[in-house]
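File shown here: target_15.cif, holding mmCIF, C-alpha atoms.
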data_protein
#
loop_
_atom_site.label_atom_id
_atom_site.label_comp_id
_atom_site.auth_asym_id
_atom_site.auth_seq_id
_atom_site.Cartn_x
_atom_site.Cartn_y
_atom_site.Cartn_z
CA MET A 987 3.53 -6.68 -37.86
CA LYS A 988 2.28 -8.02 -34.52
CA LYS A 989 2.77 -5.50 -31.72
CA THR A 990 3.48 -6.16 -28.04
CA PHE A 991 1.53 -4.26 -25.40
CA VAL A 992 2.50 -4.24 -21.71
CA LEU A 993 -0.46 -3.36 -19.50
CA ALA A 994 0.60 -2.08 -16.06
CA PRO A 995 -2.26 -0.12 -14.44
CA ASP A 996 -2.93 0.42 -10.76
CA SER A 997 -6.43 -0.19 -9.45
CA PHE A 998 -9.12 2.37 -10.21
CA LYS A 999 -10.32 2.81 -6.64
CA GLU A 1000 -13.90 1.64 -6.01
CA SER A 1001 -14.30 0.89 -9.74
CA MET A 1002 -11.95 -1.95 -10.70
CA SER A 1003 -8.91 -3.81 -9.47
CA ALA A 1004 -5.63 -3.58 -11.35
CA LYS A 1005 -6.30 -7.06 -12.73
CA LYS A 1006 -9.73 -6.03 -14.01
CA ALA A 1007 -8.18 -2.89 -15.53
CA CYS A 1008 -5.70 -5.07 -17.43
CA GLU A 1009 -8.55 -7.20 -18.76
CA ALA A 1010 -10.53 -4.14 -19.89
CA MET A 1011 -7.44 -2.71 -21.62
CA GLU A 1012 -6.84 -6.00 -23.43
CA ARG A 1013 -10.43 -6.10 -24.70
CA GLY A 1014 -9.92 -2.63 -26.19
CA ILE A 1015 -6.65 -3.62 -27.84
CA ARG A 1016 -8.06 -6.82 -29.39
CA LYS A 1017 -10.92 -4.96 -31.04
CA VAL A 1018 -8.28 -3.29 -33.19
CA GLN A 1019 -5.35 -5.74 -33.16
CA PRO A 1020 -6.76 -9.22 -32.42
CA ASN A 1021 -3.37 -10.90 -32.83
CA ALA A 1022 -1.41 -8.53 -30.57
CA GLU A 1023 0.91 -9.88 -27.87
CA VAL A 1024 -0.53 -8.60 -24.57
CA ILE A 1025 1.31 -8.87 -21.23
CA HIS A 1026 -0.58 -8.17 -17.99
CA ILE A 1027 1.36 -6.76 -15.03
CA PRO A 1028 -1.14 -5.43 -12.44
CA MET A 1029 0.51 -2.69 -10.39
CA ALA A 1030 0.25 -1.10 -6.95
CA ASP A 1031 2.27 1.33 -4.87
CA GLY A 1032 2.27 -0.29 -1.44
CA GLY A 1033 -1.27 0.82 -0.58
CA GLU A 1034 -4.62 -0.70 -1.47
CA GLY A 1035 -4.30 -3.45 -4.08
CA THR A 1036 -0.68 -4.37 -3.33
CA VAL A 1037 -1.52 -7.88 -2.12
CA ASP A 1038 -3.74 -8.60 -5.11
CA ALA A 1039 -1.26 -7.17 -7.62
CA LEU A 1040 1.63 -9.25 -6.28
CA VAL A 1041 -0.37 -12.44 -5.79
CA ASP A 1042 -1.85 -12.21 -9.29
CA GLY A 1043 1.49 -11.19 -10.81
CA SER A 1044 3.39 -14.10 -9.23
CA LYS A 1045 0.59 -16.71 -9.42
CA GLY A 1046 0.68 -16.90 -5.64
CA THR A 1047 -2.11 -17.76 -3.20
CA ARG A 1048 -4.33 -15.86 -0.79
CA ILE A 1049 -4.21 -16.96 2.85
CA SER A 1050 -7.44 -16.37 4.77
CA VAL A 1051 -7.14 -15.35 8.43
CA GLU A 1052 -9.35 -14.02 11.21
CA VAL A 1053 -7.65 -11.30 13.24
CA SER A 1054 -8.46 -8.44 15.58
CA GLY A 1055 -9.95 -5.48 13.77
CA PRO A 1056 -9.26 -1.81 14.46
CA ILE A 1057 -11.22 -2.24 17.70
CA PRO A 1058 -9.52 -5.39 19.04
CA THR A 1059 -12.68 -6.87 20.56
CA GLU A 1060 -14.15 -7.05 17.05
CA LYS A 1061 -12.72 -9.70 14.71
CA VAL A 1062 -12.36 -9.32 10.94
CA SER A 1063 -12.00 -11.99 8.28
CA THR A 1064 -9.25 -10.97 5.88
CA TYR A 1065 -6.33 -12.31 3.89
CA TYR A 1066 -2.71 -11.80 2.95
CA GLY A 1067 -0.70 -13.21 0.06
CA LEU A 1068 1.87 -15.96 -0.23
CA LEU A 1069 3.93 -15.52 -3.37
CA ALA A 1070 4.77 -18.39 -5.69
CA ASP A 1071 8.12 -19.03 -3.98
CA GLU A 1072 6.14 -19.88 -0.79
CA GLU A 1073 8.80 -18.04 1.19
CA THR A 1074 7.51 -14.48 0.75
CA ALA A 1075 4.33 -13.13 2.36
CA VAL A 1076 2.80 -9.84 1.30
CA MET A 1077 0.18 -8.04 3.35
CA GLU A 1078 -1.61 -4.72 3.80
CA MET A 1079 -2.13 -3.48 7.32
CA ALA A 1080 -5.37 -1.86 6.11
CA LYS A 1081 -6.88 -5.30 5.57
CA ALA A 1082 -6.72 -5.81 9.35
CA ASN A 1083 -6.72 -2.33 10.85
CA GLY A 1084 -7.70 0.01 8.02
CA ILE A 1085 -9.94 3.05 8.01
CA GLU A 1086 -12.50 1.47 5.68
CA LEU A 1087 -13.16 -1.29 8.24
CA LEU A 1088 -14.62 1.13 10.77
CA ALA A 1089 -17.69 3.33 10.45
CA GLU A 1090 -16.92 7.03 10.81
CA ASN A 1091 -18.84 7.33 14.09
CA LYS A 1092 -16.72 4.54 15.64
CA ARG A 1093 -13.30 5.93 14.74
CA ASN A 1094 -11.32 6.76 17.87
CA PRO A 1095 -7.50 6.62 17.61
CA LEU A 1096 -7.19 6.58 21.41
CA ILE A 1097 -8.43 2.97 21.34
CA THR A 1098 -7.93 1.65 17.78
CA SER A 1099 -4.97 -0.68 17.50
CA THR A 1100 -2.56 -2.44 15.15
CA TYR A 1101 -2.92 -5.69 17.15
CA GLY A 1102 -4.53 -7.46 14.18
CA THR A 1103 -1.59 -6.53 11.95
CA GLY A 1104 0.69 -8.28 14.42
CA GLU A 1105 -1.57 -11.32 14.29
CA MET A 1106 -1.29 -11.39 10.48
CA ILE A 1107 2.50 -11.23 10.77
CA LYS A 1108 2.43 -14.05 13.32
CA ASP A 1109 0.33 -16.23 11.01
CA ALA A 1110 2.88 -15.72 8.21
CA LEU A 1111 5.70 -16.65 10.60
CA GLU A 1112 3.79 -19.86 11.39
CA LYS A 1113 3.88 -20.63 7.65
CA GLY A 1114 7.70 -20.51 7.76
CA VAL A 1115 8.14 -17.52 5.46
CA LYS A 1116 11.57 -15.93 5.14
CA LYS A 1117 10.37 -12.50 3.99
CA ILE A 1118 7.32 -10.36 4.78
CA ILE A 1119 6.41 -7.31 2.71
CA ILE A 1120 3.86 -5.09 4.40
CA GLY A 1121 2.08 -2.11 2.89
CA ILE A 1122 1.07 0.29 5.64
CA GLY A 1123 -1.25 2.83 4.01
CA GLY A 1124 -4.88 3.46 4.94
CA SER A 1125 -4.71 2.92 8.70
CA VAL A 1126 -7.26 4.02 11.28
CA THR A 1127 -4.75 3.66 14.12
CA ASN A 1128 -2.36 5.95 16.01
CA ASP A 1129 -0.62 3.57 18.42
CA GLY A 1130 2.97 3.68 17.14
CA GLY A 1131 2.75 0.01 16.22
CA ALA A 1132 2.49 -0.89 19.90
CA GLY A 1133 -0.48 -3.20 19.30
CA MET A 1134 1.43 -5.00 16.56
CA ALA A 1135 4.35 -5.53 18.96
CA GLN A 1136 2.00 -6.76 21.71
CA ALA A 1137 0.45 -9.32 19.35
CA LEU A 1138 3.96 -10.63 18.66
CA GLY A 1139 4.75 -11.03 22.36
CA ALA A 1140 6.20 -7.70 23.50
CA ARG A 1141 5.04 -6.54 26.94
CA LEU A 1142 4.36 -2.82 27.36
CA LEU A 1143 4.28 -2.09 31.10
CA ASP A 1144 3.29 0.82 33.31
CA GLU A 1145 5.03 1.95 36.51
CA GLU A 1146 3.32 -0.82 38.49
CA ASN A 1147 4.35 -3.54 36.02
CA ASN A 1148 0.85 -3.88 34.62
CA GLU A 1149 0.47 -4.45 30.89
CA LEU A 1150 -0.95 -1.48 29.03
CA PRO A 1151 -4.22 -1.84 27.17
CA VAL A 1152 -3.96 -1.44 23.41
CA GLY A 1153 -4.45 1.89 21.66
CA GLY A 1154 -2.61 5.17 21.35
CA GLY A 1155 -4.38 6.63 24.39
CA ALA A 1156 -2.54 4.35 26.83
CA LEU A 1157 1.03 5.09 25.68
CA GLY A 1158 1.41 8.05 28.02
CA ARG A 1159 1.54 5.55 30.92
CA LEU A 1160 4.33 3.48 29.36
CA ALA A 1161 7.26 2.91 31.72
CA MET A 1162 9.07 -0.16 30.33
CA ILE A 1163 9.07 -2.47 27.30
CA ASP A 1164 9.93 -6.14 27.82
CA LEU A 1165 11.06 -7.76 24.57
CA LYS A 1166 12.10 -11.11 26.05
CA PRO A 1167 8.77 -12.75 25.03
CA LEU A 1168 8.89 -11.20 21.51
CA ASP A 1169 8.56 -13.84 18.80
CA PRO A 1170 12.16 -14.93 18.08
CA ARG A 1171 11.30 -15.80 14.46
CA LEU A 1172 11.25 -12.07 13.67
CA LYS A 1173 15.05 -12.07 13.85
CA GLN A 1174 15.25 -14.74 11.16
CA THR A 1175 12.74 -13.01 8.88
CA GLU A 1176 13.37 -10.12 6.49
CA ILE A 1177 10.60 -7.56 6.96
CA ILE A 1178 10.14 -4.82 4.39
CA ILE A 1179 7.81 -1.84 4.77
CA ALA A 1180 6.29 -0.77 1.46
CA SER A 1181 5.56 2.93 1.95
CA ASP A 1182 6.31 6.30 0.41
CA VAL A 1183 5.24 8.27 3.50
CA THR A 1184 8.18 10.21 4.95
CA ASN A 1185 6.49 11.82 7.97
CA PRO A 1186 8.30 11.60 11.32
CA LEU A 1187 6.60 10.07 14.35
CA THR A 1188 5.75 13.33 16.15
CA GLY A 1189 5.53 17.08 15.74
CA PRO A 1190 3.71 19.27 13.22
CA ASP A 1191 4.47 16.84 10.38
CA GLY A 1192 4.00 13.74 12.52
CA ALA A 1193 1.47 10.93 12.59
CA SER A 1194 -1.02 12.50 15.02
CA VAL A 1195 -1.14 16.05 13.65
CA VAL A 1196 -1.19 15.19 9.94
CA PHE A 1197 -3.23 12.00 9.89
CA GLY A 1198 -5.03 11.91 13.24
CA PRO A 1199 -8.05 14.06 12.28
CA GLN A 1200 -9.04 11.77 9.39
CA LYS A 1201 -9.00 8.87 11.86
CA GLY A 1202 -11.48 10.56 14.19
CA ALA A 1203 -9.16 12.60 16.41
CA THR A 1204 -10.43 15.90 17.80
CA PRO A 1205 -7.88 18.72 18.31
CA GLU A 1206 -7.69 17.72 21.99
CA MET A 1207 -7.08 14.08 21.07
CA VAL A 1208 -4.38 15.06 18.56
CA LYS A 1209 -2.45 16.77 21.39
CA VAL A 1210 -2.77 13.72 23.66
CA LEU A 1211 -1.76 11.31 20.89
CA ASP A 1212 1.25 13.38 19.84
CA ASP A 1213 2.44 13.70 23.44
CA ASN A 1214 1.95 9.97 23.97
CA LEU A 1215 3.98 9.07 20.87
CA ALA A 1216 6.75 11.43 22.01
CA HIS A 1217 6.77 9.66 25.39
CA TYR A 1218 6.76 6.25 23.64
CA ALA A 1219 9.75 7.33 21.53
CA ALA A 1220 11.57 8.53 24.67
CA VAL A 1221 11.07 5.13 26.38
CA ILE A 1222 12.31 3.34 23.23
CA LYS A 1223 15.39 5.60 23.16
CA LYS A 1224 16.11 5.02 26.84
CA GLU A 1225 15.66 1.23 26.70
CA PHE A 1226 17.08 0.35 23.28
CA ALA A 1227 19.21 3.37 22.30
CA ILE A 1228 17.13 3.79 19.14
CA ASP A 1229 16.19 7.38 18.27
CA ILE A 1230 13.01 6.81 16.26
CA GLU A 1231 11.08 10.05 16.81
CA ALA A 1232 12.35 12.08 13.84
CA LYS A 1233 13.15 9.19 11.49
CA PRO A 1234 11.51 9.69 8.06
CA GLY A 1235 8.64 7.24 7.63
CA ALA A 1236 8.28 6.50 11.36
CA GLY A 1237 4.93 8.30 11.32
CA ALA A 1238 3.43 6.17 8.55
CA ALA A 1239 0.16 4.43 9.52
CA GLY A 1240 -0.10 6.22 12.86
CA GLY A 1241 3.43 5.25 13.80
CA LEU A 1242 3.27 1.62 12.68
CA GLY A 1243 6.36 2.50 10.64
CA ALA A 1244 8.20 3.22 13.90
CA GLY A 1245 6.97 0.01 15.53
CA LEU A 1246 8.09 -2.17 12.63
CA LEU A 1247 11.49 -0.46 12.43
CA VAL A 1248 12.12 -0.89 16.16
CA PHE A 1249 10.52 -4.22 17.06
CA ALA A 1250 10.71 -6.15 13.78
CA GLY A 1251 14.01 -4.82 12.43
CA ALA A 1252 12.20 -3.78 9.27
CA LYS A 1253 13.65 -1.89 6.32
CA MET A 1254 11.67 0.74 4.44
CA ARG A 1255 11.32 0.69 0.65
CA SER A 1256 9.34 2.63 -1.93
CA GLY A 1257 6.12 0.70 -2.46
CA VAL A 1258 6.00 1.11 -6.22
CA ASP A 1259 9.70 0.22 -6.61
CA LEU A 1260 9.10 -3.01 -4.69
CA VAL A 1261 6.13 -3.95 -6.87
CA ILE A 1262 8.11 -3.16 -10.04
CA GLU A 1263 10.91 -5.42 -8.82
CA LEU A 1264 8.71 -8.33 -7.76
CA THR A 1265 6.55 -8.29 -10.90
CA HIS A 1266 9.60 -8.12 -13.21
CA LEU A 1267 8.04 -5.14 -14.97
CA GLU A 1268 11.30 -3.99 -16.51
CA GLU A 1269 11.86 -7.33 -18.23
CA ALA A 1270 8.39 -7.10 -19.76
CA ILE A 1271 8.84 -3.49 -20.88
CA LEU A 1272 12.01 -4.46 -22.72
CA GLN A 1273 9.78 -6.54 -25.04
CA ALA A 1274 7.09 -3.87 -25.46
CA ASP A 1275 6.17 -1.71 -28.40
CA TYR A 1276 3.69 0.19 -26.23
CA VAL A 1277 3.09 0.48 -22.47
CA PHE A 1278 -0.30 1.30 -20.94
CA THR A 1279 -0.81 2.36 -17.33
CA GLY A 1280 -3.36 4.31 -15.32
CA GLU A 1281 -5.33 4.72 -12.10
CA GLY A 1282 -8.51 6.34 -10.84
CA GLY A 1283 -7.15 9.87 -10.59
CA MET A 1284 -3.95 11.47 -11.84
CA ASP A 1285 -2.49 14.90 -11.09
CA PHE A 1286 0.84 16.47 -10.06
CA GLN A 1287 0.92 14.21 -6.97
CA THR A 1288 1.21 11.13 -9.18
CA LYS A 1289 4.96 11.73 -9.45
CA PHE A 1290 5.35 11.27 -5.69
CA GLY A 1291 5.53 7.49 -5.65
CA LYS A 1292 2.34 6.49 -7.44
CA ALA A 1293 2.29 3.41 -9.67
CA PRO A 1294 1.84 5.12 -13.08
CA TYR A 1295 4.87 7.31 -12.35
CA GLY A 1296 6.94 4.23 -11.50
CA VAL A 1297 5.85 2.56 -14.74
CA ALA A 1298 6.69 5.69 -16.75
CA LYS A 1299 10.17 5.88 -15.21
CA VAL A 1300 10.99 2.33 -16.30
CA ALA A 1301 9.55 2.88 -19.79
CA LYS A 1302 11.46 6.14 -20.22
CA LYS A 1303 14.70 4.36 -19.35
CA HIS A 1304 14.11 2.03 -22.32
CA HIS A 1305 12.62 4.67 -24.68
CA LYS A 1306 9.16 3.05 -24.78
CA PRO A 1307 5.99 5.13 -25.29
CA VAL A 1308 3.62 5.17 -22.30
CA PHE A 1309 -0.11 5.92 -22.47
CA ALA A 1310 -1.94 6.59 -19.20
CA CYS A 1311 -5.70 6.38 -18.63
CA ALA A 1312 -7.43 7.96 -15.65
CA GLY A 1313 -10.94 8.37 -14.33
CA SER A 1314 -10.14 11.98 -13.52
CA ILE A 1315 -7.27 14.28 -14.49
CA GLY A 1316 -6.31 16.94 -11.97
CA GLU A 1317 -4.10 19.98 -11.76
CA GLN A 1318 -0.59 20.22 -13.20
CA VAL A 1319 -0.75 16.74 -14.69
CA ASP A 1320 1.52 18.02 -17.47
CA VAL A 1321 4.52 17.62 -15.11
CA LEU A 1322 4.27 13.90 -15.87
CA TYR A 1323 5.24 14.44 -19.49
CA ASP A 1324 8.78 15.20 -18.34
CA GLU A 1325 8.77 11.94 -16.37
CA GLY A 1326 8.19 9.62 -19.32
CA MET A 1327 4.46 9.84 -20.05
CA THR A 1328 3.69 10.08 -23.76
CA ALA A 1329 0.00 11.00 -23.36
CA ILE A 1330 -2.66 10.99 -20.63
CA PHE A 1331 -6.33 10.31 -21.37
CA GLY A 1332 -9.47 10.75 -19.29
CA ILE A 1333 -11.82 7.81 -19.77
CA LEU A 1334 -15.24 9.33 -19.00
CA ALA A 1335 -17.69 9.23 -21.89
CA LYS A 1336 -20.12 11.83 -20.57
CA VAL A 1337 -21.01 13.95 -17.58
CA GLU A 1338 -22.47 11.62 -14.95
CA SER A 1339 -22.56 11.01 -11.21
CA ILE A 1340 -19.53 9.55 -9.44
CA GLU A 1341 -21.54 6.40 -8.71
CA ALA A 1342 -22.39 5.92 -12.40
CA ALA A 1343 -18.79 6.62 -13.47
CA LEU A 1344 -17.48 4.00 -11.04
CA GLN A 1345 -19.97 1.43 -12.35
CA SER A 1346 -19.05 2.07 -15.99
CA GLY A 1347 -15.29 2.22 -15.37
CA GLU A 1348 -14.35 -1.01 -17.16
CA ARG A 1349 -16.44 -0.15 -20.21
CA ASN A 1350 -15.01 3.38 -20.35
CA LEU A 1351 -11.43 2.12 -20.01
CA GLU A 1352 -11.94 -0.48 -22.73
CA ARG A 1353 -13.33 2.13 -25.13
CA THR A 1354 -10.53 4.63 -24.39
CA VAL A 1355 -7.79 2.06 -24.98
CA GLU A 1356 -9.50 0.92 -28.18
CA ASN A 1357 -9.45 4.49 -29.49
CA ILE A 1358 -5.80 4.97 -28.59
CA VAL A 1359 -4.84 1.78 -30.40
CA ARG A 1360 -6.88 2.83 -33.45
CA VAL A 1361 -4.76 5.97 -33.68
CA LEU A 1362 -1.54 3.96 -33.16
CA SER A 1363 -2.61 1.61 -35.98
CA VAL A 1364 -3.03 4.31 -38.63
#
Rewrite the coordinates I just gave you, this time as C-alpha cells.
Amino acid sequence: MKKTFVLAPDSFKESMSAKKACEAMERGIRKVQPNAEVIHIPMADGGEGTVDALVDGSKGTRISVEVSGPIPTEKVSTYYGLLADEETAVMEMAKANGIELLAENKRNPLITSTYGTGEMIKDALEKGVKKIIIGIGGSVTNDGGAGMAQALGARLLDEENNELPVGGGALGRLAMIDLKPLDPRLKQTEIIIASDVTNPLTGPDGASVVFGPQKGATPEMVKVLDDNLAHYAAVIKKEFAIDIEAKPGAGAAGGLGAGLLVFAGAKMRSGVDLVIELTHLEEAILQADYVFTGEGGMDFQTKFGKAPYGVAKVAKKHHKPVFACAGSIGEQVDVLYDEGMTAIFGILAKVESIEAALQSGERNLERTVENIVRVLSV
C-alpha cells in the first residue's frame, strides 16, 4: 500500500535550507518506496529561514530591497517575502540588521541600528500589504527599535529639540518622541512579531545584559545600554502611558520587540506556531502515515519553541509517528519523547570536521532517512 510522508524539517544551519532538507529526505524515501506520496512543508521558528520557509510553502515571491545595514551608513542588499495572497509580507530583521552581516571587530551596539528594518517595513507598506510578519532573532542591535521607528517617520528629540542619531548609545539623551510624522499606514496594517524570546527590556534578564555581550558590548557598554533603555522606557511611559519595560518579549532583538509593540501596534506570537498555521501543516499531517522533521542540532532546548517540537506537538495530537533527524544530538534529548517524538536520529556517517559535516549534510540526511524507511518497510 502506498504510504504518505509529510516532510517538515527546519533548516540545518550552514548546511542546508529547510527546502533542501525536504528534497534530501524525499530522495531517501524514494530509494525504498518510489511510489510514496511525499508532501514538503519546510519549517522555521521565526528565526533564520522563516522568510524562505513561508515563501516556498505558499508559492510566494521574494522582494529585493536595498536598506541600511547594522551600521546605517553601509547599505545591504536583501529581501523579504510576499506570500501568495499578495497581502501578507514576511521578513526577518536579521536580513537587514543581523549579527552575521557585521564582522566581529565592527560590532558596537552603541551605534548599530534597526533603521534598515524600518526601511523594509516601509517598502512592504508601499506594496499595499495588510499584514506584516516579522521574525526578530539574530540581531546585532541594542537600540530598543528606535532606529526602526525613525525610519518610519518618528522623531526622537533631545532637550534642545535636535533629532537623536541612531543607535542605543544616544537614547540616554532622549527627551521627547514626536509621532505625528509616523507613517499612518501602520495603523491600517496588522503587524505580528514572530518570536519566542520572553526577556524584558531591561534588568538582569533584559536585552543589554543577556544579549549585549554577543553583539560586541563590553561590561561598561552593557551598563550604559541598559540605563539608556530604562530611560527610553521611562520617556515612552510618560508620553504614551505605555509601560513597556518589564513586558515579556520587549527585550527581543535588543529591544526591537518593545519598539514594534509601542510604535507599530504589533502583537507577539510564537514563531513556530505562526509557521505551522501559515503552511497548513496540520492539514497535511492529517493525511500522513509518517512525519519527518529535524534541524542541525537537537537537545532539551528544542522543546522551547523550536520547529521540530512544534511539528511533534501537531503530530502527537493526531497520533502520527514522528521521526527527527539532526546533525548533532545534545543533552537530555529524551525529554522530546514525551512531547510526541517517536525516534531521533543523528545523521553523521563518521567522525569528521564540522566543515566536512556541513558539506555532506544533504547526503547524510538522505542516507539516514533511507535507512529509517527501510526499517518501516519491513
Could I get the residues of segment 1015-1092 of chain A with an atom no further than 8 Å from an atom of segment 1290-1313 of chain A, each paired with its nearest atom pair and that distance in Å to one decimal, using all atoms listed in the file, sorted by chain and residue number, as a Markdown table?
| residue | atom | partner | partner_atom | distance |
| --- | --- | --- | --- | --- |
| A:Met1029 | CA | A:Ala1293 | CA | 6.4 |
| A:Ala1030 | CA | A:Ala1293 | CA | 5.6 |
| A:Asp1031 | CA | A:Ala1293 | CA | 5.2 |
Can you tell me how far atom CA of Thr1354 of chain A sits from atom CA of Gly1283 of chain A, in Å to one decimal?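 Atom CA of Gly1283 of chain A lies at a distance of 15.1 Å from atom CA of Thr1354 of chain A.
Going from atom CA of His1266 of chain A to atom CA of Leu1040 of chain A covers 10.6 Å.
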When you look at segment 1053-1058 of chain A with a cut-off of 6 Å (counting only C-alpha atoms), what residues show up, excluding the ones that are within fewer than 5 positions of it in the same chain? I need them as a ChimeraX atom specification. /A:1082-1083,1098-1099,1102
How many Å separate atom CA of Gly1153 of chain A from atom CA of Gly1130 of chain A?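 According to the coordinates, atom CA of Gly1153 of chain A and atom CA of Gly1130 of chain A are separated by 8.9 Å.
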How close does each residue of segment 1270-1336 of chain A get to segment 1014-1027 of chain A, giving the shortest atom pair and distance in Å to one decimal for every residue with an atom at most 12 Å away, counting all atoms listed in the file, sorted by chain and residue number, as a tab-separated table?
residue	atom	partner	partner_atom	distance
A:Ala1270	CA	A:Ile1025	CA	7.4
A:Ile1271	CA	A:Ile1025	CA	9.3
A:Leu1272	CA	A:Ile1025	CA	11.7
A:Gln1273	CA	A:Ile1025	CA	9.6
A:Ala1274	CA	A:Ile1025	CA	8.7
A:Asp1275	CA	A:Glu1023	CA	9.7
A:Tyr1276	CA	A:Val1024	CA	9.9
A:Val1277	CA	A:Ile1025	CA	9.6
A:Phe1278	CA	A:His1026	CA	9.9
A:Thr1279	CA	A:Ile1027	CA	9.7
A:Ala1293	CA	A:Ile1027	CA	11.5
A:Val1297	CA	A:Ile1027	CA	10.3
Residue members of the PyMOL selection byres ((chain A and resi 1203-1215) around 6) in the file shown, as a ChimeraX atom specification: /A:1157-1158,1188,1194-1195,1198-1199,1201-1202,1216-1218
What residues come out when you apply the PyMOL selection byres ((chain A and resi 1111) around 12) to this file, written as a ChimeraX atom specification? /A:1068,1072-1076,1104-1110,1112-1118,1138,1169-1177
Please provide as a count of residues only all residues within 10 Å of Val1221 of chain A, with the sequence filter that same-chain residues fewer than 5 positions apart are discarded (counting all atoms listed in the file). 10
For a quick check of your reading of the model, name the residues lying within 6 Å of the coordinate (-1.8, -1.9, -19.6), counting all atoms listed in the file, and write them as a ChimeraX atom specification. /A:992-995,1008,1278-1279
If you count all atoms listed in the file, which residues fall within 9 Å of Lys1006 of chain A, apart from same-chain ones fewer than 6 positions away, as number ranges by chain? A: 997, 1028, 1348
The PyMOL selection byres ((chain A and resi 1260) around 12) - which residues does that actually catch in the file I just gave you? List them as number ranges by chain. A: 1029-1033, 1036-1037, 1039-1040, 1076, 1119-1121, 1178-1182, 1253-1259, 1261-1267, 1291-1293, 1296-1297
When you count only C-alpha atoms, which of these residues is closest to Asn1185 of chain A: A:Ala1343, A:Ala1140, A:Ala1219, A:Ala1239? A:Ala1239
Near Leu1142 of chain A, counting all atoms listed in the file, which residues have an atom at most 10 Å away, once you skip same-chain residues fewer than 6 positions from it, shown as a PyMOL selection string? chain A and resi 1132-1133+1135-1136+1148-1152+1156-1157+1159-1165
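Distance annotation: of A:Asp1285, A:Glu1034, A:Asp1129, A:Asp996, the residue with the minimal separation from Ala1080 of chain A is A:Glu1034; atom set is only C-alpha atoms.
Of the listed residues (A:Leu1096, A:Leu1334, A:Gly1235, A:Pro1186), A:Leu1334 comes nearest to Arg1349 of chain A; the distances count only C-alpha atoms.
Proximity ranking of A:Lys1233, A:Gly1189, A:Asn1147, A:Gly1240 relative to Thr1127 of chain A places A:Gly1240 first, based on all atoms listed in the file.
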